[in-house]
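Below is coords.cif, which holds mmCIF, C-alpha atoms.
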```
data_query
loop_
_atom_site.label_atom_id
_atom_site.label_comp_id
_atom_site.auth_asym_id
_atom_site.auth_seq_id
_atom_site.Cartn_x
_atom_site.Cartn_y
_atom_site.Cartn_z
CA MET A 1 175.66 90.72 123.53
CA ILE A 2 174.50 92.67 126.57
CA ARG A 3 172.91 96.10 126.14
CA ASN A 4 171.95 98.38 129.02
CA LEU A 5 168.85 100.46 128.38
CA THR A 6 166.80 102.96 130.35
CA CYS A 7 163.12 102.19 130.06
CA ILE A 8 161.15 105.26 128.96
CA GLU A 9 157.68 103.86 129.52
CA CYS A 10 157.17 105.66 132.83
CA PRO A 11 159.01 108.02 135.21
CA LYS A 12 160.56 105.13 137.14
CA SER A 13 163.07 104.96 134.28
CA CYS A 14 164.10 101.36 135.11
CA ALA A 15 167.65 100.35 134.21
CA LEU A 16 167.26 97.33 131.93
CA ARG A 17 169.88 94.70 131.13
CA VAL A 18 169.10 93.14 127.80
CA ASP A 19 170.64 89.93 126.42
CA ILE A 20 170.69 90.00 122.65
CA GLU A 21 171.46 87.17 120.25
CA ASN A 22 171.39 87.68 116.47
CA CYS A 23 169.65 91.06 116.88
CA ARG A 24 166.89 89.42 118.93
CA VAL A 25 166.18 89.94 122.61
CA VAL A 26 166.49 86.67 124.51
CA LYS A 27 166.34 87.95 128.08
CA VAL A 28 165.46 91.16 129.93
CA SER A 29 166.14 91.92 133.57
CA GLY A 30 165.82 94.96 135.84
CA GLU A 31 162.26 95.87 134.86
CA LYS A 32 159.70 96.61 137.58
CA CYS A 33 156.67 95.97 135.37
CA PRO A 34 155.79 94.07 132.17
CA ASN A 35 156.13 97.25 130.07
CA GLY A 36 159.89 97.05 130.59
CA LYS A 37 160.26 93.84 128.64
CA ASP A 38 158.05 95.09 125.81
CA TYR A 39 160.06 98.29 125.65
CA ALA A 40 163.38 96.41 125.58
CA VAL A 41 162.24 94.14 122.74
CA SER A 42 160.89 97.08 120.74
CA GLU A 43 163.94 99.26 121.42
CA VAL A 44 166.37 96.58 120.24
CA GLU A 45 164.42 95.07 117.37
CA ASN A 46 162.40 98.01 116.04
CA PRO A 47 162.80 101.25 118.05
CA GLN A 48 159.71 103.44 117.95
CA ARG A 49 158.44 106.67 119.47
CA VAL A 50 155.16 108.53 119.69
CA LEU A 51 155.89 111.90 118.09
CA THR A 52 154.33 115.01 119.62
CA SER A 53 154.53 118.42 118.00
CA MET A 54 152.48 121.45 116.97
CA VAL A 55 150.78 122.65 113.81
CA VAL A 56 149.90 126.22 112.91
CA VAL A 57 146.28 127.30 113.18
CA ALA A 58 145.58 129.36 110.05
CA ALA A 59 144.74 132.99 110.75
CA GLN A 60 141.46 132.71 108.83
CA CYS A 61 140.32 130.05 111.30
CA ALA A 62 138.40 132.59 113.34
CA ALA A 63 136.72 129.97 115.50
CA THR A 64 139.53 130.04 118.04
CA THR A 65 142.12 132.22 119.69
CA LEU A 66 144.67 129.40 119.51
CA LYS A 67 147.67 130.13 117.32
CA MET A 68 149.11 126.62 117.56
CA LEU A 69 147.41 123.25 117.84
CA PRO A 70 149.21 120.44 119.69
CA VAL A 71 149.30 117.11 117.84
CA ARG A 72 150.68 113.61 118.22
CA THR A 73 150.90 110.42 116.24
CA ASP A 74 148.16 107.97 117.21
CA LYS A 75 150.72 105.17 117.24
CA PRO A 76 154.50 105.07 117.64
CA ILE A 77 156.56 105.57 114.50
CA PRO A 78 160.04 104.20 113.72
CA LYS A 79 162.67 106.25 115.51
CA GLU A 80 164.70 106.82 112.36
CA ARG A 81 161.72 108.50 110.66
CA ILE A 82 161.07 111.05 113.44
CA LEU A 83 162.97 113.99 111.94
CA GLU A 84 161.41 113.39 108.54
CA ALA A 85 157.94 113.24 110.10
CA ALA A 86 158.63 116.38 112.13
CA GLY A 87 159.56 118.15 108.90
CA GLU A 88 156.26 117.11 107.32
CA ILE A 89 154.32 118.26 110.38
CA ARG A 90 155.91 121.72 110.18
CA LYS A 91 154.26 122.21 106.76
CA ILE A 92 150.73 121.53 108.04
CA LYS A 93 148.21 124.30 108.68
CA VAL A 94 144.83 123.71 110.25
CA ASP A 95 142.07 125.88 108.83
CA ARG A 96 138.97 124.34 110.39
CA PRO A 97 137.63 123.72 113.88
CA VAL A 98 138.82 120.38 115.28
CA LYS A 99 138.20 118.37 118.42
CA SER A 100 140.85 116.66 120.47
CA GLY A 101 141.47 113.22 118.95
CA GLU A 102 140.45 114.26 115.43
CA ILE A 103 142.76 113.31 112.55
CA ILE A 104 144.80 116.26 111.30
CA ALA A 105 146.82 114.33 108.71
CA ALA A 106 146.21 110.71 107.75
CA ASN A 107 148.90 108.13 107.06
CA ILE A 108 151.96 110.28 107.79
CA LEU A 109 154.89 109.34 105.48
CA GLY A 110 152.88 106.29 104.43
CA LEU A 111 153.58 104.71 107.81
CA GLY A 112 149.96 103.80 108.48
CA VAL A 113 149.96 106.23 111.39
CA ASN A 114 147.73 109.29 111.73
CA LEU A 115 148.48 112.66 113.20
CA ILE A 116 145.76 113.62 115.70
CA ALA A 117 144.91 116.80 117.60
CA THR A 118 145.49 116.66 121.35
CA ARG A 119 143.43 119.74 122.16
CA ASP A 120 140.08 121.16 121.10
CA CYS A 121 140.38 123.99 118.61
CA LEU A 122 136.79 125.12 118.29
CA MET B 1 132.05 142.40 149.84
CA ILE B 2 130.86 139.13 148.39
CA GLU B 3 131.66 136.10 150.51
CA ARG B 4 132.38 132.74 148.86
CA ASP B 5 132.74 129.38 150.56
CA LEU B 6 135.87 128.47 148.61
CA VAL B 7 138.15 130.52 146.41
CA ILE B 8 140.90 128.77 144.47
CA VAL B 9 143.77 130.74 142.96
CA GLY B 10 145.06 129.05 139.80
CA ALA B 11 143.41 126.57 137.44
CA GLY B 12 146.33 124.41 136.42
CA PRO B 13 146.48 120.74 137.40
CA ALA B 14 146.41 121.66 141.11
CA GLY B 15 143.57 124.19 141.07
CA MET B 16 141.37 122.08 138.80
CA ALA B 17 141.77 118.94 140.91
CA ALA B 18 141.21 120.91 144.13
CA ALA B 19 137.99 122.40 142.75
CA ILE B 20 136.63 119.01 141.67
CA SER B 21 137.60 117.36 144.93
CA ALA B 22 136.08 120.15 147.04
CA TYR B 23 132.84 119.86 145.07
CA GLU B 24 132.80 116.08 145.46
CA SER B 25 133.32 116.58 149.20
CA GLY B 26 130.24 118.77 149.43
CA VAL B 27 131.29 122.39 148.75
CA ARG B 28 128.65 124.09 146.62
CA ASP B 29 130.04 127.60 146.22
CA ILE B 30 133.42 127.59 144.52
CA LEU B 31 135.18 130.40 142.67
CA LEU B 32 138.09 129.24 140.52
CA LEU B 33 140.42 132.03 139.36
CA GLU B 34 142.76 131.65 136.39
CA ARG B 35 144.97 134.40 135.01
CA ASP B 36 145.15 132.91 131.49
CA GLN B 37 142.31 132.85 128.97
CA TYR B 38 142.09 129.05 129.24
CA LEU B 39 141.91 126.51 132.03
CA GLY B 40 144.85 124.12 132.34
CA GLY B 41 147.78 126.30 133.31
CA ILE B 42 151.18 125.01 132.28
CA LEU B 43 149.66 121.77 130.92
CA ASN B 44 148.63 123.71 127.81
CA GLN B 45 152.24 124.15 126.77
CA CYS B 46 153.38 120.67 127.85
CA ILE B 47 152.48 119.00 124.57
CA HIS B 48 154.68 115.93 125.18
CA THR B 49 153.42 112.64 126.56
CA GLY B 50 154.07 111.21 130.02
CA PHE B 51 151.02 112.60 131.83
CA GLY B 52 148.37 110.44 133.48
CA LEU B 53 150.41 107.26 133.87
CA THR B 54 149.54 106.88 137.53
CA TYR B 55 146.25 108.78 137.77
CA PHE B 56 144.54 107.58 134.57
CA LYS B 57 146.80 104.58 133.80
CA GLU B 58 147.21 106.07 130.33
CA ASN B 59 150.02 107.92 128.62
CA LEU B 60 148.59 111.33 127.77
CA THR B 61 149.94 114.67 126.57
CA GLY B 62 149.56 117.71 128.83
CA PRO B 63 146.56 119.12 126.92
CA GLU B 64 144.85 115.70 126.93
CA TYR B 65 145.43 115.33 130.66
CA SER B 66 144.11 118.83 131.21
CA GLN B 67 141.03 118.27 129.08
CA ARG B 68 139.82 115.47 131.34
CA PHE B 69 139.66 117.92 134.24
CA ILE B 70 138.30 120.80 132.16
CA GLN B 71 135.37 118.66 131.02
CA LYS B 72 134.58 117.73 134.60
CA ILE B 73 134.73 121.33 135.78
CA GLN B 74 132.54 122.57 132.95
CA ALA B 75 129.93 119.98 133.91
CA ILE B 76 129.79 121.22 137.52
CA LYS B 77 127.63 124.34 137.68
CA LYS B 78 128.66 125.08 141.26
CA ILE B 79 132.22 125.81 140.19
CA GLU B 80 132.32 129.35 138.84
CA VAL B 81 135.33 129.77 136.57
CA SER B 82 136.75 133.26 136.23
CA LEU B 83 139.36 133.53 133.46
CA LYS B 84 141.81 136.38 132.81
CA SER B 85 141.63 136.91 136.56
CA PHE B 86 144.87 137.72 138.32
CA ALA B 87 145.04 137.64 142.12
CA VAL B 88 147.05 140.59 143.39
CA LYS B 89 146.50 140.78 147.13
CA LEU B 90 145.43 138.62 150.02
CA SER B 91 144.72 139.86 153.53
CA GLN B 92 145.06 138.10 156.85
CA GLU B 93 141.24 137.79 156.87
CA LYS B 94 141.28 135.93 153.52
CA GLU B 95 140.00 138.90 151.56
CA LEU B 96 141.32 138.46 148.05
CA THR B 97 141.73 141.21 145.48
CA PHE B 98 141.98 140.24 141.84
CA ILE B 99 141.99 142.06 138.55
CA LYS B 100 140.19 141.04 135.41
CA PRO B 101 139.81 143.05 132.20
CA GLY B 102 138.34 146.40 133.18
CA LYS B 103 137.67 145.41 136.78
CA LEU B 104 139.20 145.24 140.20
CA GLU B 105 137.28 142.76 142.32
CA ARG B 106 137.36 141.75 145.96
CA VAL B 107 136.03 138.59 147.49
CA LYS B 108 136.07 137.24 151.02
CA ALA B 109 136.84 133.54 151.16
CA ARG B 110 135.71 131.26 153.96
CA ALA B 111 138.41 128.89 152.75
CA LEU B 112 141.12 129.63 150.21
CA ILE B 113 143.30 127.25 148.22
CA LEU B 114 146.49 128.64 146.77
CA ALA B 115 147.28 126.63 143.64
CA SER B 116 149.44 129.19 141.91
CA GLY B 117 152.14 126.82 140.72
CA ALA B 118 155.80 127.70 140.40
CA ARG B 119 158.13 130.06 138.60
CA GLU B 120 161.40 129.23 136.91
CA ARG B 121 164.75 129.97 138.45
CA THR B 122 166.63 132.51 136.37
CA ARG B 123 170.12 133.20 135.08
CA GLU B 124 170.52 135.81 137.82
CA MET B 125 169.85 133.20 140.50
CA ILE B 126 172.70 131.01 139.28
CA HIS B 127 175.05 133.93 138.61
CA ILE B 128 176.30 133.33 135.09
CA PRO B 129 178.62 136.25 134.34
CA GLY B 130 179.04 137.93 130.99
CA ASP B 131 177.05 140.06 128.58
CA ARG B 132 173.31 140.57 128.65
CA PRO B 133 172.36 140.17 125.00
CA ALA B 134 169.05 139.03 123.53
CA GLY B 135 168.62 135.28 123.21
CA ILE B 136 168.62 134.15 126.84
CA PHE B 137 165.37 132.48 127.87
CA SER B 138 164.14 130.31 130.69
CA ALA B 139 163.23 126.92 129.25
CA GLY B 140 159.56 127.26 130.13
CA LEU B 141 159.34 130.64 128.43
CA ALA B 142 160.88 129.14 125.29
CA GLN B 143 158.32 126.35 125.58
CA LYS B 144 155.51 128.89 125.69
CA LEU B 145 156.91 130.84 122.74
CA ILE B 146 157.16 127.72 120.58
CA ASN B 147 154.09 125.78 121.66
CA ILE B 148 151.59 128.55 122.34
CA GLU B 149 152.79 131.51 120.29
CA GLY B 150 154.35 129.61 117.39
CA LEU B 151 157.61 131.56 117.62
CA LEU B 152 160.99 129.82 117.48
CA PRO B 153 163.27 131.77 119.83
CA GLY B 154 166.55 130.80 118.16
CA LYS B 155 168.40 128.51 115.76
CA GLU B 156 171.31 127.13 117.77
CA ALA B 157 170.80 126.61 121.46
CA VAL B 158 172.92 125.74 124.45
CA ILE B 159 170.85 124.56 127.39
CA VAL B 160 172.03 125.36 130.90
CA GLY B 161 170.87 122.76 133.40
CA SER B 162 169.19 119.43 132.77
CA GLY B 163 165.82 119.97 134.39
CA ASP B 164 163.00 118.11 132.68
CA ILE B 165 161.75 121.24 130.92
CA GLY B 166 165.22 121.84 129.47
CA LEU B 167 165.46 118.25 128.23
CA ILE B 168 161.99 118.45 126.71
CA MET B 169 162.90 121.76 125.06
CA ALA B 170 166.06 120.29 123.56
CA ARG B 171 163.85 117.87 121.65
CA ARG B 172 161.34 120.59 120.74
CA PHE B 173 164.12 122.69 119.21
CA ILE B 174 165.25 119.72 117.10
CA LEU B 175 161.72 118.85 116.00
CA GLU B 176 161.17 122.46 114.93
CA GLY B 177 164.28 122.32 112.76
CA ALA B 178 166.67 124.17 115.09
CA LYS B 179 169.94 122.86 116.54
CA VAL B 180 170.96 122.10 120.11
CA ARG B 181 174.71 122.40 120.59
CA ALA B 182 174.84 120.99 124.12
CA VAL B 183 173.14 120.53 127.46
CA ILE B 184 175.41 121.61 130.31
CA GLU B 185 174.73 120.27 133.82
CA ILE B 186 176.73 121.41 136.84
CA GLN B 187 175.89 118.30 138.88
CA LYS B 188 177.30 114.79 138.36
CA GLN B 189 173.94 113.49 137.25
CA SER B 190 170.91 114.69 135.35
CA ARG B 191 168.38 116.74 137.29
CA GLY B 192 165.65 115.52 134.99
CA LEU B 193 164.22 112.02 134.67
CA ALA B 194 166.46 109.39 133.06
CA ARG B 195 163.72 108.65 130.54
CA ASN B 196 163.91 112.24 129.34
CA VAL B 197 167.68 112.01 128.92
CA VAL B 198 167.08 108.97 126.68
CA GLN B 199 164.16 110.19 124.60
CA CYS B 200 165.06 113.88 124.38
CA LEU B 201 168.87 113.88 124.15
CA GLU B 202 170.18 110.43 123.22
CA ASP B 203 167.53 109.91 120.53
CA PHE B 204 168.86 113.00 118.74
CA GLY B 205 172.56 112.69 119.58
CA ILE B 206 172.63 115.90 121.63
CA PRO B 207 175.89 116.27 123.62
CA PHE B 208 175.27 116.14 127.37
CA TYR B 209 178.02 117.47 129.63
CA LEU B 210 177.77 116.49 133.30
CA SER B 211 179.98 118.19 135.93
CA HIS B 212 180.34 121.17 133.58
CA LYS B 213 179.11 124.71 133.83
CA VAL B 214 178.58 127.67 131.57
CA SER B 215 181.00 130.20 133.01
CA ARG B 216 180.33 133.16 130.70
CA ILE B 217 177.86 134.32 128.07
CA TYR B 218 179.11 136.47 125.17
CA GLY B 219 177.19 138.59 122.70
CA LYS B 220 176.73 142.22 121.67
CA LYS B 221 173.13 142.34 120.49
CA ARG B 222 172.38 138.64 120.34
CA VAL B 223 174.02 135.69 122.11
CA GLU B 224 177.16 134.67 120.16
CA LYS B 225 178.87 132.03 122.29
CA VAL B 226 179.37 130.66 125.79
CA ASP B 227 182.36 129.50 127.82
CA VAL B 228 182.08 126.04 129.34
CA VAL B 229 184.36 124.66 132.07
CA LYS B 230 184.72 121.24 133.63
CA LEU B 231 184.35 120.89 137.40
CA ASP B 232 186.22 118.59 139.77
CA GLU B 233 184.80 116.51 142.64
CA ASN B 234 184.55 119.64 144.81
CA SER B 235 182.79 121.66 142.11
CA ASN B 236 185.91 123.73 141.44
CA GLU B 237 186.88 124.66 137.90
CA ILE B 238 189.53 122.39 136.42
CA PRO B 239 192.26 124.70 135.05
CA GLY B 240 192.68 124.47 131.31
CA SER B 241 189.33 122.76 130.80
CA ARG B 242 187.61 125.79 129.30
CA PHE B 243 186.13 125.55 125.82
CA GLN B 244 183.67 127.62 123.82
CA ILE B 245 180.43 126.78 122.06
CA GLU B 246 178.94 129.07 119.44
CA CYS B 247 175.20 129.55 119.71
CA ASP B 248 172.53 132.22 119.34
CA THR B 249 170.35 131.11 122.21
CA VAL B 250 170.82 130.06 125.83
CA LEU B 251 167.99 128.27 127.60
CA ILE B 252 168.07 128.18 131.38
CA SER B 253 166.59 125.06 133.00
CA VAL B 254 167.75 125.08 136.58
CA GLY B 255 164.67 124.30 138.57
CA LEU B 256 161.47 125.83 139.85
CA ILE B 257 160.48 127.74 142.96
CA PRO B 258 156.97 127.78 144.46
CA GLU B 259 155.03 130.94 143.58
CA ILE B 260 153.57 132.11 146.86
CA GLU B 261 153.95 135.87 146.54
CA LEU B 262 150.32 136.28 147.64
CA ILE B 263 151.17 135.16 151.17
CA ASP B 264 154.52 136.94 151.36
CA GLY B 265 154.34 139.36 154.23
CA LEU B 266 151.36 137.64 155.83
CA ASP B 267 151.48 135.58 158.97
CA SER B 268 150.30 132.74 156.78
CA SER B 269 150.61 129.94 159.32
CA SER B 270 147.99 131.66 161.49
CA ILE B 271 145.42 132.04 158.70
CA SER B 272 142.93 129.28 159.33
CA GLY B 273 141.28 127.93 156.21
CA LEU B 274 144.26 128.68 153.96
CA PHE B 275 145.53 125.71 151.99
CA VAL B 276 148.47 125.50 149.59
CA CYS B 277 148.80 122.67 147.08
CA GLY B 278 150.62 121.53 143.96
CA ASN B 279 153.85 123.21 142.91
CA ALA B 280 152.97 126.24 145.04
CA ALA B 281 153.51 123.96 148.05
CA LYS B 282 156.49 122.01 146.80
CA ILE B 283 158.01 121.18 143.44
CA TYR B 284 156.74 117.89 142.06
CA ASP B 285 158.31 115.87 139.25
CA LEU B 286 154.95 114.79 137.88
CA ALA B 287 151.58 116.39 137.22
CA ASP B 288 149.97 113.19 138.50
CA SER B 289 151.51 113.83 141.93
CA VAL B 290 150.25 117.42 141.83
CA THR B 291 146.76 116.10 141.13
CA LYS B 292 146.94 113.72 144.07
CA ASP B 293 148.12 116.48 146.40
CA ALA B 294 145.42 118.88 145.21
CA LEU B 295 142.63 116.31 145.55
CA SER B 296 143.61 116.07 149.19
CA ALA B 297 143.69 119.87 149.57
CA GLY B 298 140.18 120.14 148.12
CA LYS B 299 138.93 117.56 150.57
CA GLN B 300 140.64 119.26 153.52
CA ALA B 301 139.15 122.61 152.53
CA ALA B 302 135.69 121.02 152.36
CA GLU B 303 136.14 119.55 155.84
CA TYR B 304 137.21 122.96 157.11
CA ILE B 305 134.16 124.69 155.64
CA LYS B 306 131.87 122.01 157.12
CA GLY B 307 133.48 122.65 160.51
CA LEU B 308 132.56 126.33 160.29
CA GLY B 309 128.92 125.27 160.23
#
```

How does the structure come out when it is put into structure tokens?
Amino acid sequence: MIRNLTCIECPKSCALRVDIENCRVVKVSGEKCPNGKDYAVSEVENPQRVLTSMVVVAAQCAATTLKMLPVRTDKPIPKERILEAAGEIRKIKVDRPVKSGEIIAANILGLGVNLIATRDCL
Amino acid sequence: MIERDLVIVGAGPAGMAAAISAYESGVRDILLLERDQYLGGILNQCIHTGFGLTYFKENLTGPEYSQRFIQKIQAIKKIEVSLKSFAVKLSQEKELTFIKPGKLERVKARALILASGARERTREMIHIPGDRPAGIFSAGLAQKLINIEGLLPGKEAVIVGSGDIGLIMARRFILEGAKVRAVIEIQKQSRGLARNVVQCLEDFGIPFYLSHKVSRIYGKKRVEKVDVVKLDENSNEIPGSRFQIECDTVLISVGLIPEIELIDGLDSSSISGLFVCGNAAKIYDLADSVTKDALSAGKQAAEYIKGLG
């Protein structure tokens, strides 16, 4: 089977042609860098995304004027779990000062992936 | 009036890179003005990844990309940062007036870099007829409301135009538990990057209508629905193609225009020592390209100041 994909690894957005046999990628063409092949294999065999979102900074956290703290997963998570993870993230409130990169919630949905801050909230 | 070697208006990706580059090229008296209470400009609300791929060879979010520059600026004592400072007037002699809480200040710049970014094109600029209810936002404003203020501007959105900010906001709405009924693009292809069509629309099954336009907005107090029509090869409405989509929110994502109001009315091409960079000069697809442009502007400004002796 042939599947046409758009690589999302960088803004070049390469058009990939992917040969698939028994749900496995056997050949990729159209990529302008090695990331294209990795993306194609991942997208066909186990599609994943880094999830970015926001969490609320609790009002009692007087250390900052930020109302919202941007966060992301420190590794990609399975695409089909994104909405579920986003729902979990909406319940989180941060009530302490954090630095960019600090873990806000460990092991989201038991996926072995942490949610980390992407901005200082000091 | 105080004279400064270099005054930079705006501390987003362009202004920050220009300041660092000017310092590294030898300028030792730099005033960096930012209207917001933080450095970083629009990067603060761009919480998605995709920044830094060319400049840092890493995939960063907007705030992470910004933080790299903020840390550098804070380490350079010769760059004076003035926050909550809004430039209101520039003269032919590079005398700049700006307001900050409780103060009106004037400064004469030997060189001036305009790094004031861009503004969003509006509904009025694309002439969508109909009512004028609440619930119509530019995509970047919606982004600020959600990501900075923590306010969700609506529950069911139709997005007009497929600029990158609109595509990114489609995904943000979904991730915040709202619905996106459709993205409507008047052109035959997406205005935004193909990767954003994939990861912001296709990932979430959001309908994407190319060669379609929103021809009317309805709503008494709040947006209630929109008319959508299909366009032919010559961008004319195809008779009988009209359909309606119910929604409570319309986001407008139809491009940016450089914000250069400060030099409106000036004979700007004859002002020596005036530099314009980043989205104030032209609209870039990527922050990395803005950085590159602004690094050059900072260097040019430094050369100019050196030339003055």

* **Selection result of the PyMOL selection byres ((chain B and resi 287-301) around 10) on this file, as a ChimeraX atom specification** => /B:5-6,8,12-27,42-43,50-56,62,65-66,110-115,117,273-286,302-307

* Rank nothing, just name the residue among B:Gly161, B:Gly10, B:Pro129, B:Gly41 nearest to B:Val81, using only C-alpha atoms. =>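 Between B:Gly161, B:Gly10, B:Pro129, B:Gly41, the residue approaching B:Val81 most closely is B:Gly10.
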
* Structure fact -> In Å and to one decimal, atom CA of B:Arg195 is distant from atom CA of A:Ser13 by 5.3 Å

* Report the residues retrieved by the PyMOL selection byres ((chain A) within 6 of (chain B)) from the displayed file, expressed as a list of chain:residue names. =>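 Applied to this file, the PyMOL selection byres ((chain A) within 6 of (chain B)) returns A:Ile8, A:Ser13, A:Thr52, A:Met68, A:Ala86, A:Thr118, A:Arg119.
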
* Would you work out the distance separating atom CA of B:Arg242 from atom CA of B:Gly192, expressed in Å to one decimal? =>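 Answer for the atom CA of B:Arg242 to atom CA of B:Gly192 separation: 24.9 Å.
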
* Would you mind telling me which residue in A:Ala117, A:Leu51, A:Ala106, A:Val26 lies nearest to A:Val94 when using all atoms listed in the file? =>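 Checking each candidate against A:Val94, we get A:Ala117 as the closest.
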
* **Nearest to A:Glu88 by atom-to-atom distance, counting all atoms listed in the file, from A:Thr65, A:Ser53, A:Asn46, A:Ser100** =>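 Going through A:Thr65, A:Ser53, A:Asn46, A:Ser100 one by one, the smallest distance to A:Glu88 is for A:Ser53.
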
* atom CA of A:Arg49 and atom CA of B:Ile186, how far apart in Å? ->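 Going from atom CA of B:Ile186 over to atom CA of A:Arg49 covers 29.2 Å.
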
* **Matched chain/residue IDs from the PyMOL selection byres ((chain A and resi 20) around 10), as a PyMOL selection string** => chain A and resi 1-3+17-19+21-28+41+44-45

* To do: Do a neighbour search on stretch 251-266 of chain B at 6 Å with all atoms listed in the file, toss out local chain neighbours closer than 4 positions, and write the hits as an NGL selection string.
  => :B and (89-90 or 117-121 or 136-139 or 159-161 or 163 or 166 or 279-280)

* What's the 9 Å shell around A:Leu16, counting all atoms listed in the file, without same-chain residues fewer than 5 positions away, as a list in words? -> Arg3, Asn4, Leu5, Thr6, Cys7, Val28, Ser29, Gly30, Glu31, Gly36, Lys37 and Ala40 of chain A

* To do: Might you pull out every residue within 7 Å of stretch 209-211 of chain B, with only C-alpha atoms counted and same-chain residues fewer than 4 positions away left off, and present them as a PyMOL selection string?
  => chain B and resi 183-189+230-231

When you look at A:Ala58 with a cut-off of 8 Å (counting all atoms listed in the file), what residues show up, excluding the ones that are within fewer than 5 positions of it in the same chain? I need them as a PDB file with C-alpha atoms, in the frame of the given file.
```pdb
ATOM      1  CA  LYS A  67     147.670 130.130 117.320  1.00  0.00           C
ATOM      2  CA  LYS A  93     148.210 124.300 108.680  1.00  0.00           C
ATOM      3  CA  VAL A  94     144.830 123.710 110.250  1.00  0.00           C
ATOM      4  CA  ASP A  95     142.070 125.880 108.830  1.00  0.00           C
TER       5      ASP A  95
END
```

* To do: Rank A:Pro70, A:Pro47, A:Gly110, A:Gly101 by their smallest atom-to-atom distance to A:Glu84, using only C-alpha atoms, and report the top residue only.
  =>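 Under the stated criterion, the closest residue is A:Gly110.
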
* **10 Å contact set for A:Ile89, all atoms listed in the file, chain neighbours under 6 positions out, as number ranges by chain** => A: 52-56, 71-72, 83, 104-105, 108, 115; B: 175-176
